Every structure is written in C-alpha cells, then in structure tokens.
$ cat my_file.csv   # CSV, C-alpha atoms (C1' of nucleotides)
chain,number,residue,atom,x,y,z
A,1,MET,CA,4.4,39.2,-13.8
A,2,THR,CA,5.8,35.9,-12.8
A,3,ARG,CA,3.7,33.2,-11.2
A,4,SER,CA,4.6,32.0,-7.8
A,5,ARG,CA,6.1,28.6,-7.6
A,6,SER,CA,3.0,27.4,-5.7
A,7,ARG,CA,0.8,28.7,-8.5
A,8,LEU,CA,3.0,27.2,-11.1
A,9,ALA,CA,2.9,23.9,-9.3
A,10,ASN,CA,-0.9,23.9,-9.2
A,11,ASP,CA,-1.3,25.0,-12.8
A,12,SER,CA,1.0,22.2,-14.0
A,13,TRP,CA,-0.8,19.6,-11.8
A,14,GLU,CA,-4.2,20.7,-13.2
A,15,SER,CA,-2.7,20.4,-16.7
A,16,LEU,CA,-1.6,16.8,-15.9
A,17,LEU,CA,-5.1,16.0,-14.6
A,18,THR,CA,-6.8,17.4,-17.6
A,19,ALA,CA,-4.6,15.5,-20.0
A,20,HIS,CA,-5.1,12.4,-18.0
A,21,ALA,CA,-8.9,12.7,-18.0
A,22,ALA,CA,-9.0,13.5,-21.7
A,23,LEU,CA,-6.8,10.7,-22.8
A,24,MET,CA,-8.4,8.2,-20.5
A,25,LYS,CA,-11.8,9.0,-22.0
A,26,ARG,CA,-10.4,8.7,-25.5
A,27,PHE,CA,-8.8,5.3,-24.7
A,28,ALA,CA,-11.9,4.1,-23.0
A,29,ALA,CA,-13.9,4.8,-26.1
A,30,GLU,CA,-11.7,2.5,-28.1
A,31,PRO,CA,-13.4,-0.8,-29.0
A,32,ILE,CA,-10.7,-3.0,-27.4
A,33,TRP,CA,-12.1,-3.5,-23.9
A,34,ASP,CA,-14.5,-6.3,-24.5
A,35,GLU,CA,-12.8,-9.1,-22.5
A,36,LEU,CA,-10.9,-6.8,-20.1
A,37,SER,CA,-12.0,-3.6,-18.5
A,38,MET,CA,-9.3,-0.8,-18.2
A,39,ARG,CA,-9.0,-1.5,-14.5
A,40,GLU,CA,-8.6,-5.2,-15.1
A,41,TYR,CA,-6.0,-4.5,-17.7
A,42,ASP,CA,-4.2,-2.2,-15.4
A,43,VAL,CA,-3.8,-5.0,-12.9
A,44,LEU,CA,-2.7,-7.6,-15.5
A,45,TYR,CA,-0.2,-5.1,-16.9
A,46,THR,CA,1.2,-4.4,-13.6
A,47,LEU,CA,1.6,-8.1,-12.9
A,48,SER,CA,3.2,-8.6,-16.3
A,49,LYS,CA,5.8,-6.0,-15.6
A,50,HIS,CA,7.1,-8.0,-12.6
A,51,GLU,CA,8.7,-11.3,-13.5
A,52,GLY,CA,8.2,-12.9,-10.1
A,53,PRO,CA,5.1,-13.1,-8.0
A,54,ILE,CA,4.0,-9.9,-6.3
A,55,ARG,CA,2.1,-9.1,-3.1
A,56,LEU,CA,-1.4,-7.7,-3.1
A,57,PHE,CA,-0.3,-4.5,-1.3
A,58,GLU,CA,2.5,-4.0,-3.8
A,59,LEU,CA,0.0,-4.3,-6.6
A,60,GLY,CA,-2.0,-1.7,-4.8
A,61,ARG,CA,0.8,0.9,-5.1
A,62,GLY,CA,0.3,1.1,-8.8
A,63,VAL,CA,-3.4,0.8,-9.0
A,64,LEU,CA,-5.8,3.5,-7.9
A,65,LEU,CA,-8.1,1.3,-5.9
A,66,SER,CA,-8.8,0.7,-2.2
A,67,GLN,CA,-7.4,-2.4,-0.7
A,68,PRO,CA,-10.8,-4.2,-0.5
A,69,ALA,CA,-11.7,-3.3,-4.0
A,70,LEU,CA,-8.4,-4.6,-5.3
A,71,SER,CA,-8.7,-7.7,-3.3
A,72,ARG,CA,-12.0,-8.5,-4.9
A,73,LEU,CA,-10.9,-7.5,-8.4
A,74,VAL,CA,-8.0,-9.9,-8.1
A,75,GLU,CA,-10.5,-12.5,-6.8
A,76,ARG,CA,-12.6,-12.1,-9.9
A,77,LEU,CA,-9.6,-12.3,-12.2
A,78,ALA,CA,-8.6,-15.5,-10.4
A,79,ASP,CA,-12.0,-16.9,-10.8
A,80,ARG,CA,-11.7,-16.2,-14.5
A,81,GLY,CA,-8.4,-18.0,-14.6
A,82,LEU,CA,-6.3,-15.0,-15.5
A,83,VAL,CA,-4.5,-14.5,-12.2
A,84,GLU,CA,-3.0,-17.1,-9.8
A,85,ARG,CA,-3.2,-16.6,-6.1
A,86,THR,CA,-1.0,-18.7,-3.8
A,87,ALA,CA,-0.1,-18.4,-0.2
A,88,ASP,CA,3.2,-16.7,0.5
A,89,PRO,CA,5.5,-19.3,2.1
A,90,GLU,CA,7.5,-16.6,3.8
A,91,ASP,CA,4.6,-14.7,5.2
A,92,GLY,CA,1.4,-16.5,6.3
A,93,ARG,CA,-0.6,-13.4,5.9
A,94,GLY,CA,0.3,-12.6,2.3
A,95,LEU,CA,-0.5,-13.7,-1.1
A,96,ARG,CA,1.7,-14.3,-4.1
A,97,LEU,CA,0.0,-13.0,-7.3
A,98,GLY,CA,1.0,-14.0,-10.8
A,99,LEU,CA,-0.4,-14.2,-14.2
A,100,THR,CA,-1.6,-17.5,-15.6
A,101,ALA,CA,-0.8,-18.3,-19.2
A,102,ALA,CA,-4.3,-17.2,-20.1
A,103,GLY,CA,-3.8,-14.0,-18.2
A,104,ARG,CA,-0.5,-13.3,-19.9
A,105,GLU,CA,-2.1,-13.9,-23.2
A,106,ALA,CA,-5.0,-11.6,-22.5
A,107,GLN,CA,-2.7,-8.9,-21.4
A,108,ARG,CA,-0.6,-9.2,-24.5
A,109,LEU,CA,-3.5,-9.1,-26.8
A,110,VAL,CA,-5.3,-6.1,-25.3
A,111,GLY,CA,-2.0,-4.4,-24.5
A,112,GLY,CA,-0.8,-4.6,-28.1
A,113,ARG,CA,-3.9,-2.9,-29.4
A,114,HIS,CA,-3.9,-0.3,-26.6
A,115,ALA,CA,-0.3,0.5,-27.2
A,116,VAL,CA,-1.2,1.5,-30.8
A,117,ASP,CA,-3.9,3.9,-29.5
A,118,VAL,CA,-1.5,5.4,-26.9
A,119,ALA,CA,1.2,5.9,-29.5
A,120,ARG,CA,-1.3,7.6,-31.8
A,121,ALA,CA,-2.6,9.9,-29.1
A,122,VAL,CA,0.8,10.8,-27.6
A,123,ALA,CA,3.2,10.7,-30.5
A,124,ASP,CA,0.9,12.7,-32.7
A,125,VAL,CA,1.1,15.8,-30.5
A,126,LEU,CA,4.4,15.6,-28.7
A,127,THR,CA,8.0,15.8,-30.0
A,128,ASP,CA,10.6,13.3,-28.9
A,129,GLU,CA,12.0,15.7,-26.5
A,130,GLU,CA,8.7,16.4,-25.0
A,131,MET,CA,8.0,12.7,-24.5
A,132,ARG,CA,11.3,12.3,-22.8
A,133,ALA,CA,10.6,15.3,-20.6
A,134,LEU,CA,7.3,13.9,-19.7
A,135,GLU,CA,8.8,10.6,-18.8
A,136,SER,CA,11.4,12.2,-16.6
A,137,ILE,CA,8.9,14.6,-14.9
A,138,GLY,CA,6.5,11.7,-14.3
A,139,ARG,CA,9.2,9.7,-12.6
A,140,LYS,CA,10.1,12.6,-10.4
A,141,LEU,CA,6.5,13.2,-9.4
A,142,ALA,CA,5.9,9.5,-8.6
A,143,GLY,CA,9.1,8.9,-6.8
A,144,GLY,CA,9.2,12.2,-5.0
A,145,GLN,CA,7.4,10.9,-1.9
A,146,ALA,CA,9.0,13.3,0.6
A,147,PRO,CA,6.3,14.1,3.1
A,148,ALA,CA,7.3,16.6,5.8
A,149,GLN,CA,5.7,14.5,8.5
A,150,ASP,CA,5.1,10.8,7.8
A,151,THR,CA,2.8,9.4,10.4
A,152,HIS,CA,3.6,5.9,9.3
A,153,ARG,CA,7.3,6.2,10.0
A,154,THR,CA,8.7,5.6,13.5
A,155,PRO,CA,11.0,8.3,14.9
A,156,LYS,CA,13.9,5.9,14.7
A,157,GLU,CA,13.4,5.2,11.1
A,158,ALA,CA,13.0,8.8,10.3
A,159,VAL,CA,16.5,9.5,11.6
A,160,LEU,CA,18.0,7.0,9.2
B,1,MET,CA,20.0,2.2,-29.2
B,2,THR,CA,17.2,4.7,-29.6
B,3,ARG,CA,13.7,3.9,-28.7
B,4,SER,CA,11.0,4.0,-31.4
B,5,ARG,CA,8.6,6.9,-31.2
B,6,SER,CA,5.8,4.5,-30.4
B,7,ARG,CA,7.8,3.0,-27.5
B,8,LEU,CA,8.7,6.5,-26.3
B,9,ALA,CA,5.1,7.5,-26.4
B,10,ASN,CA,4.0,4.5,-24.4
B,11,ASP,CA,6.8,4.9,-21.9
B,12,SER,CA,5.9,8.6,-21.3
B,13,TRP,CA,2.2,7.8,-21.0
B,14,GLU,CA,3.0,5.1,-18.4
B,15,SER,CA,5.1,7.6,-16.5
B,16,LEU,CA,2.2,10.1,-16.5
B,17,LEU,CA,-0.2,7.3,-15.3
B,18,THR,CA,2.2,6.3,-12.5
B,19,ALA,CA,2.6,9.9,-11.4
B,20,HIS,CA,-1.1,10.5,-11.5
B,21,ALA,CA,-1.8,7.4,-9.4
B,22,ALA,CA,0.9,8.1,-6.8
B,23,LEU,CA,-0.1,11.7,-6.3
B,24,MET,CA,-3.8,11.0,-6.2
B,25,LYS,CA,-3.2,8.5,-3.5
B,26,ARG,CA,-1.1,11.0,-1.6
B,27,PHE,CA,-3.7,13.7,-1.9
B,28,ALA,CA,-6.5,11.4,-1.0
B,29,ALA,CA,-4.7,10.5,2.2
B,30,GLU,CA,-4.7,14.2,3.3
B,31,PRO,CA,-7.3,15.0,6.0
B,32,ILE,CA,-9.2,17.6,4.0
B,33,TRP,CA,-11.9,15.6,2.4
B,34,ASP,CA,-14.4,15.5,5.2
B,35,GLU,CA,-17.2,17.5,3.7
B,36,LEU,CA,-16.3,17.0,0.1
B,37,SER,CA,-15.0,13.9,-1.7
B,38,MET,CA,-12.3,14.4,-4.3
B,39,ARG,CA,-14.8,13.7,-7.1
B,40,GLU,CA,-17.3,16.2,-5.6
B,41,TYR,CA,-14.5,18.7,-5.3
B,42,ASP,CA,-13.5,18.1,-8.9
B,43,VAL,CA,-17.0,19.0,-10.0
B,44,LEU,CA,-17.2,22.1,-7.8
B,45,TYR,CA,-13.8,23.2,-9.0
B,46,THR,CA,-14.8,22.8,-12.6
B,47,LEU,CA,-17.9,24.8,-12.0
B,48,SER,CA,-15.9,27.5,-10.2
B,49,LYS,CA,-13.6,27.9,-13.2
B,50,HIS,CA,-16.5,28.9,-15.4
B,51,GLU,CA,-18.1,32.2,-14.6
B,52,GLY,CA,-21.4,31.6,-16.2
B,53,PRO,CA,-23.7,28.5,-16.0
B,54,ILE,CA,-22.4,25.4,-17.6
B,55,ARG,CA,-24.1,22.4,-19.2
B,56,LEU,CA,-24.0,18.9,-17.8
B,57,PHE,CA,-22.3,17.5,-20.8
B,58,GLU,CA,-19.7,20.3,-20.8
B,59,LEU,CA,-19.0,19.4,-17.2
B,60,GLY,CA,-18.6,15.8,-18.2
B,61,ARG,CA,-15.7,16.7,-20.5
B,62,GLY,CA,-13.5,17.5,-17.6
B,63,VAL,CA,-14.7,14.9,-15.2
B,64,LEU,CA,-13.8,11.2,-15.5
B,65,LEU,CA,-17.3,9.9,-15.0
B,66,SER,CA,-20.1,8.4,-17.1
B,67,GLN,CA,-23.0,10.6,-17.9
B,68,PRO,CA,-25.4,8.9,-15.6
B,69,ALA,CA,-22.9,8.9,-12.7
B,70,LEU,CA,-22.3,12.6,-13.2
B,71,SER,CA,-26.0,13.3,-13.5
B,72,ARG,CA,-26.6,11.8,-10.1
B,73,LEU,CA,-23.5,13.3,-8.5
B,74,VAL,CA,-24.8,16.7,-9.5
B,75,GLU,CA,-28.2,15.7,-8.2
B,76,ARG,CA,-26.6,14.9,-4.8
B,77,LEU,CA,-24.7,18.2,-4.8
B,78,ALA,CA,-27.9,20.1,-5.6
B,79,ASP,CA,-29.7,18.3,-2.8
B,80,ARG,CA,-26.9,19.5,-0.4
B,81,GLY,CA,-27.4,23.0,-1.6
B,82,LEU,CA,-23.9,23.3,-3.2
B,83,VAL,CA,-25.0,23.3,-6.9
B,84,GLU,CA,-27.9,25.0,-8.6
B,85,ARG,CA,-29.7,23.3,-11.4
B,86,THR,CA,-32.0,25.3,-13.6
B,87,ALA,CA,-33.6,24.6,-17.0
B,88,ASP,CA,-31.8,26.0,-20.0
B,89,PRO,CA,-34.1,28.6,-21.6
B,90,GLU,CA,-32.3,28.1,-25.0
B,91,ASP,CA,-32.5,24.3,-25.0
B,92,GLY,CA,-35.4,22.5,-23.4
B,93,ARG,CA,-33.3,19.4,-23.0
B,94,GLY,CA,-30.5,21.0,-21.1
B,95,LEU,CA,-29.5,22.2,-17.7
B,96,ARG,CA,-27.7,25.2,-16.5
B,97,LEU,CA,-25.4,24.3,-13.6
B,98,GLY,CA,-23.8,26.8,-11.3
B,99,LEU,CA,-22.4,27.0,-7.8
B,100,THR,CA,-24.5,28.3,-5.0
B,101,ALA,CA,-22.9,30.6,-2.4
B,102,ALA,CA,-22.4,27.6,-0.2
B,103,GLY,CA,-20.9,25.6,-3.0
B,104,ARG,CA,-18.5,28.4,-3.8
B,105,GLU,CA,-17.5,28.7,-0.2
B,106,ALA,CA,-17.0,24.9,0.2
B,107,GLN,CA,-14.9,24.9,-3.0
B,108,ARG,CA,-12.8,27.7,-1.8
B,109,LEU,CA,-12.2,26.2,1.6
B,110,VAL,CA,-11.2,22.8,0.4
B,111,GLY,CA,-9.4,24.1,-2.6
B,112,GLY,CA,-7.2,26.3,-0.5
B,113,ARG,CA,-6.0,23.5,1.6
B,114,HIS,CA,-5.7,21.1,-1.4
B,115,ALA,CA,-3.6,23.7,-3.2
B,116,VAL,CA,-1.1,23.7,-0.4
B,117,ASP,CA,-0.7,19.9,-0.7
B,118,VAL,CA,-0.4,20.1,-4.4
B,119,ALA,CA,2.2,22.8,-4.2
B,120,ARG,CA,4.2,20.8,-1.7
B,121,ALA,CA,4.1,17.6,-3.8
B,122,VAL,CA,4.9,19.2,-7.1
B,123,ALA,CA,7.2,22.1,-6.3
B,124,ASP,CA,9.3,20.1,-4.0
B,125,VAL,CA,10.5,17.8,-6.8
B,126,LEU,CA,10.2,19.8,-10.0
B,127,THR,CA,12.1,22.9,-11.2
B,128,ASP,CA,10.2,25.9,-12.6
B,129,GLU,CA,11.2,24.8,-16.1
B,130,GLU,CA,9.9,21.4,-15.5
B,131,MET,CA,6.6,22.7,-14.2
B,132,ARG,CA,6.2,24.9,-17.2
B,133,ALA,CA,7.1,22.0,-19.5
B,134,LEU,CA,4.5,19.8,-17.8
B,135,GLU,CA,1.9,22.5,-18.2
B,136,SER,CA,2.6,22.8,-21.8
B,137,ILE,CA,2.8,19.1,-22.5
B,138,GLY,CA,-0.4,18.5,-20.6
B,139,ARG,CA,-2.2,21.1,-22.7
B,140,LYS,CA,-1.0,19.5,-25.9
B,141,LEU,CA,-2.1,16.1,-24.8
B,142,ALA,CA,-5.5,17.3,-23.7
B,143,GLY,CA,-6.1,19.4,-26.7
B,144,GLY,CA,-4.7,17.1,-29.3
B,145,GLN,CA,-7.9,15.4,-30.0
B,146,ALA,CA,-7.2,14.5,-33.6
B,147,PRO,CA,-8.8,11.1,-34.1
B,148,ALA,CA,-8.4,9.6,-37.5
B,149,GLN,CA,-12.1,8.9,-37.7
B,150,ASP,CA,-14.5,10.8,-35.4
B,151,THR,CA,-17.9,9.1,-35.4
B,152,HIS,CA,-19.5,12.0,-33.7
B,153,ARG,CA,-18.7,14.4,-36.4
B,154,THR,CA,-20.8,14.8,-39.5
B,155,PRO,CA,-19.0,14.8,-42.8
B,156,LYS,CA,-20.0,18.4,-43.4
B,157,GLU,CA,-18.3,19.6,-40.2
B,158,ALA,CA,-15.3,17.5,-40.8
B,159,VAL,CA,-14.6,19.4,-44.0
B,160,LEU,CA,-14.6,22.8,-42.2
C,1,DT,C1',8.3,-16.6,26.2
C,2,DT,C1',4.7,-13.9,25.7
C,3,DA,C1',1.7,-10.1,25.4
C,4,DA,C1',1.0,-5.7,22.8
C,5,DG,C1',1.0,-3.5,18.6
C,6,DG,C1',1.4,-3.6,13.7
C,7,DT,C1',0.5,-5.5,9.0
C,8,DA,C1',-1.9,-8.3,5.0
C,9,DG,C1',-5.8,-9.5,3.2
C,10,DA,C1',-11.0,-10.8,3.5
C,11,DT,C1',-15.9,-9.6,4.4
C,12,DG,C1',-20.5,-7.1,5.6
C,13,DC,C1',-23.0,-3.4,4.0
C,14,DA,C1',-24.4,0.9,2.1
C,15,DA,C1',-23.2,4.1,-1.5
C,16,DA,C1',-21.8,5.0,-6.1
C,17,DC,C1',-20.9,3.5,-10.7
C,18,DG,C1',-21.6,1.9,-15.7
C,19,DC,C1',-24.6,0.0,-19.2
C,20,DA,C1',-28.7,-0.1,-21.4
C,21,DT,C1',-32.6,2.4,-22.1
C,22,DG,C1',-36.3,5.9,-21.9
C,23,DA,C1',-38.3,10.6,-22.3
C,24,DA,C1',-38.1,15.2,-23.9
C,25,DC,C1',-36.4,18.2,-27.0
C,26,DT,C1',-33.7,19.9,-31.1
C,27,DT,C1',-31.9,19.6,-35.7
C,28,DC,C1',-31.8,18.2,-40.3
C,29,DG,C1',-33.4,16.7,-44.8
C,30,DA,C1',-37.1,15.8,-48.0
D,1,DT,C1',-43.8,21.5,-42.8
D,2,DC,C1',-43.0,17.2,-41.0
D,3,DG,C1',-40.9,12.9,-40.0
D,4,DA,C1',-36.4,10.7,-39.0
D,5,DA,C1',-32.3,11.0,-36.6
D,6,DG,C1',-29.5,13.1,-33.2
D,7,DT,C1',-28.8,15.2,-28.6
D,8,DT,C1',-29.4,15.9,-23.6
D,9,DC,C1',-30.4,14.3,-19.4
D,10,DA,C1',-32.9,10.9,-16.3
D,11,DT,C1',-33.9,6.2,-14.5
D,12,DG,C1',-33.8,0.9,-13.8
D,13,DC,C1',-30.8,-2.5,-12.5
D,14,DG,C1',-26.9,-5.4,-11.8
D,15,DT,C1',-22.0,-4.7,-10.6
D,16,DT,C1',-18.3,-2.5,-8.3
D,17,DT,C1',-16.4,0.5,-4.9
D,18,DG,C1',-15.2,2.4,-0.3
D,19,DC,C1',-15.5,2.4,4.7
D,20,DA,C1',-15.4,0.0,8.8
D,21,DT,C1',-14.3,-4.0,10.7
D,22,DC,C1',-12.6,-8.7,11.3
D,23,DT,C1',-9.3,-12.5,11.3
D,24,DA,C1',-4.8,-14.3,10.9
D,25,DC,C1',-0.1,-13.7,11.1
D,26,DC,C1',4.2,-11.1,12.0
D,27,DT,C1',7.2,-8.2,15.0
D,28,DT,C1',8.9,-6.1,18.9
D,29,DA,C1',10.0,-5.6,23.6
D,30,DA,C1',9.6,-6.7,28.5
$ encode --input "my_file.csv" --output "structure tokens"
Amino acid sequence: MTRSRSRLANDSWESLLTAHAALMKRFAAEPIWDELSMREYDVLYTLSKHEGPIRLFELGRGVLLSQPALSRLVERLADRGLVERTADPEDGRGLRLGLTAAGREAQRLVGGRHAVDVARAVADVLTDEEMRALESIGRKLAGGQAPAQDTHRTPKEAVL
Amino acid sequence: MTRSRSRLANDSWESLLTAHAALMKRFAAEPIWDELSMREYDVLYTLSKHEGPIRLFELGRGVLLSQPALSRLVERLADRGLVERTADPEDGRGLRLGLTAAGREAQRLVGGRHAVDVARAVADVLTDEEMRALESIGRKLAGGQAPAQDTHRTPKEAVL
DNA sequence: TTAAGGTAGATGCAAACGCATGAACTTCGA
DNA sequence: TCGAAGTTCATGCGTTTGCATCTACCTTAA
C-alpha cells in the first residue's frame, strides 16, 4: 500500500536526520579541528560567505545556537583575533561582524581540508543527479518557511 | 560550465546542513518540548524504534552526543523513570537500555505532536517524488561509511 | 514630542557538554 | 592459560550552552 504524505514526510525527515548525524560524526572524527572546532568553523564559514559585514542575528539564522551562546562564541573568536566586532553606525543596538585576515586564513585552511572530506563522503555514494536533487530539496526545505500562523508577524504584514 | 563533482558534493552537503538548521530551529520553536527536550526525545525515539533492549554505544550511533554526555543523559532519563537500565547478562561491561511504560507514553505523546509539525514543514514544500528521493539519498549518505582507512577495524575483519 | 512596545545584543547562573581518564570486563595471541 | 590490548561505560573537571533577564536603542502612534 502507499504511504500517506504525512508518513512519507516524516520518513524522509528522519532519513535526513540520520544522514546528518552520521556524517557529522564522521567529519568530527577527522583530525582537522585542532585550531577550530566545528562550531567555530561554522561561524567563520558563514562570515566568509558574506562579503560585507553581517549582523549577529543574521549570523544566528545559519548557526544552530541560541543567541547568548552565539554572542559569546563570537566574543571568543574576537578575543582570538579571528573576528572583528564593530558598532553598526546605522543601528546603535547592532554589531557589524567580519572576518579578520587571520580569521579568513584560518577558515580557508580548515575549510580546504574539510571540503576534501565532504567530497569523499558525499561523492562516493551519490550520483551527480542525486547531489543536484539533494541541493534542490535542501533549498526548498530551508526556504519553505510558510508557517500557518506566524506569531511574530503583525496582521497588517500578513496581508501583504 | 559544469561544476566539479567535488564542488557539487560540497554544495549539496551545505544545502543539507542549511535545511537541517532551519528546520531544527523551526521545530524547536514549537510549544511541545515542555516535558521532553529535543535531545531527550531523540533518545526515547531511538529506543522506541528498537523492540528489544539496546546497548548504550548502539544508541550513541544515532545520537549526536559524546559517549559521556549520552551516558549522563540516559542516567537522567532513568532517574525520571522514562528509561530502564539493566546490566547485560552477556557482557559484564554493558547495559541494556529500554523504555519504561512512562517513557513509551511520553515518546508517543510528544512524537505525535512533533510528527504533525514535521509533516507540515516537509510535505508543504516537497512533492512525493522529492520526499522519496530525500529518503533514498539520506539512506545512502548514512550507510555509505566507506572510509579509506578505518582505524577501528582490525586487518582481519577488513579482509572479510 | 513622547511614551509604549519591539528588537539587538550582553550577562548571571544553573544545567549540560566534551575531553581526558579510570574501572570493570572481554577478547586475542603467545 | 595468562597477560596485553581492546571495549564499554562512568566520573572528574573545565568549558560551553540555554534560559531568564537586563540594558540600550529603534519604531510606532497618539
């Protein structure tokens, strides 16, 4: 018999979760995280993707950490001279985060080695079409933020 | 021009990571984690999937936690009466973990609500074919543990 | 203009985590 | 059979995390 769409959705999500956990463990076991933990690398990589400075809460969208934890992680990276924190001239509350030269260099170094491991783990078991499908599906899942009732949206905005 | 396989692999992995982070944040924001945190639920769910008792290190395969952290998480769940820990009669070092009736009930309750949220998030943006593709790809990624040099495997076993 | 409400980020504190290590047991080779 | 090495789980300890809350600033409306 055919699975319901709901069941299918849950099965596919579980499959994603399992793959995520398995690969994360595998990557974590690689001997490339001496100077940078995976979480720290995640932050530096996200910063490296943006050319201009980025706000802390924007950084938080991509990183799976609470706001206070991210705030302190960035603080530590700044203390180590890898991230630059400056006040945002357009918003007195905000920060402008960017990589320092050392931060960019560290990201490049670790990222290069990590990319090799990722390529090995993924390309060894997936075809080109599967990788393209995964990329497309991931984008849909990440972007498909269509909550039925968004408590953080005013009625006026909801209409627009 | 066409992307290299290595580039394609990294792009698709990043897409998976982004989707994972976005959905995890969305699920975490749901008001269903009062009695069980997501990590605790993850453990109870993994236990619920196995019918018989399971070993701690087996549980660790599916959960993204260090062995000590998992050991203590299970300890806490046992203290709360949700998990049962008994000595393994076949291996004096090991444990046999299983859900108690209360643990099974808690997993069912939270799991039922969580499944609704998962279905909404996934089924709303993916077609049936995409969900099936994701399930298949995830299984390949999780199962494709083919490290070039496995330090935890003896030469004899490697031959087999 | 100004007060009320919202947002960005920091901080106190208890809980949880990872790393290193230890204790108990099993497995393997001589 | 017996000792060395490996495996499984627990524990000590410093670090990091999340929750609640605070401060500072922005936005909106009267």
$ residues_around --input "my_file.csv" --residues "C:DA16" --least-positions-apart "3" --cutoff "10 Å" --atoms "all atoms listed in the file" --output "list of chain:residue names"
B:Ala69, B:Arg72, B:Leu73, D:DT16, D:DT17, D:DG18
$ interface_residues --input "my_file.csv" --of "chain A" --to "chain B" --cutoff "7 Å" --atoms "only C-alpha atoms" --output "PyMOL selection string"
chain A and resi 5-6+8-12+15-16+18-19+21-23+62-64+115+118-119+122-123+125+130-132+134-135+137-142+144
$ interface_residues --input "my_file.csv" --of "chain B" --to "chain C" --cutoff "12 Å" --atoms "only C-alpha atoms (C1' of nucleotides)" --output "MDAnalysis selection string"
chainID B and resid 39 64:73 76 88:94 154
$ closest_residue --input "my_file.csv" --among "B:Tyr45, B:Trp33, B:Phe27, B:Phe57" --to "chain D" --atoms "all atoms listed in the file"
B:Phe57
$ atom_distance --input "my_file.csv" --atom1 "atom CA of A:Ile54" --atom2 "atom CA of A:Gly98"
6.8 Å
$ interface_residues --input "my_file.csv" --of "chain D" --to "chain A" --cutoff "12 Å" --atoms "only C-alpha atoms (C1' of nucleotides)" --output "list in words"
DT15, DT16, DT17, DG18, DC19, DA20, DT21, DT23, DA24, DC25 and DC26 of chain D
$ atom_distance --input "my_file.csv" --atom1 "atom CA of B:Ala102" --atom2 "atom CA of B:Glu58"
22.0 Å
$ atom_distance --input "my_file.csv" --atom1 "atom CA of B:Arg104" --atom2 "atom CA of B:Asp42"
12.5 Å
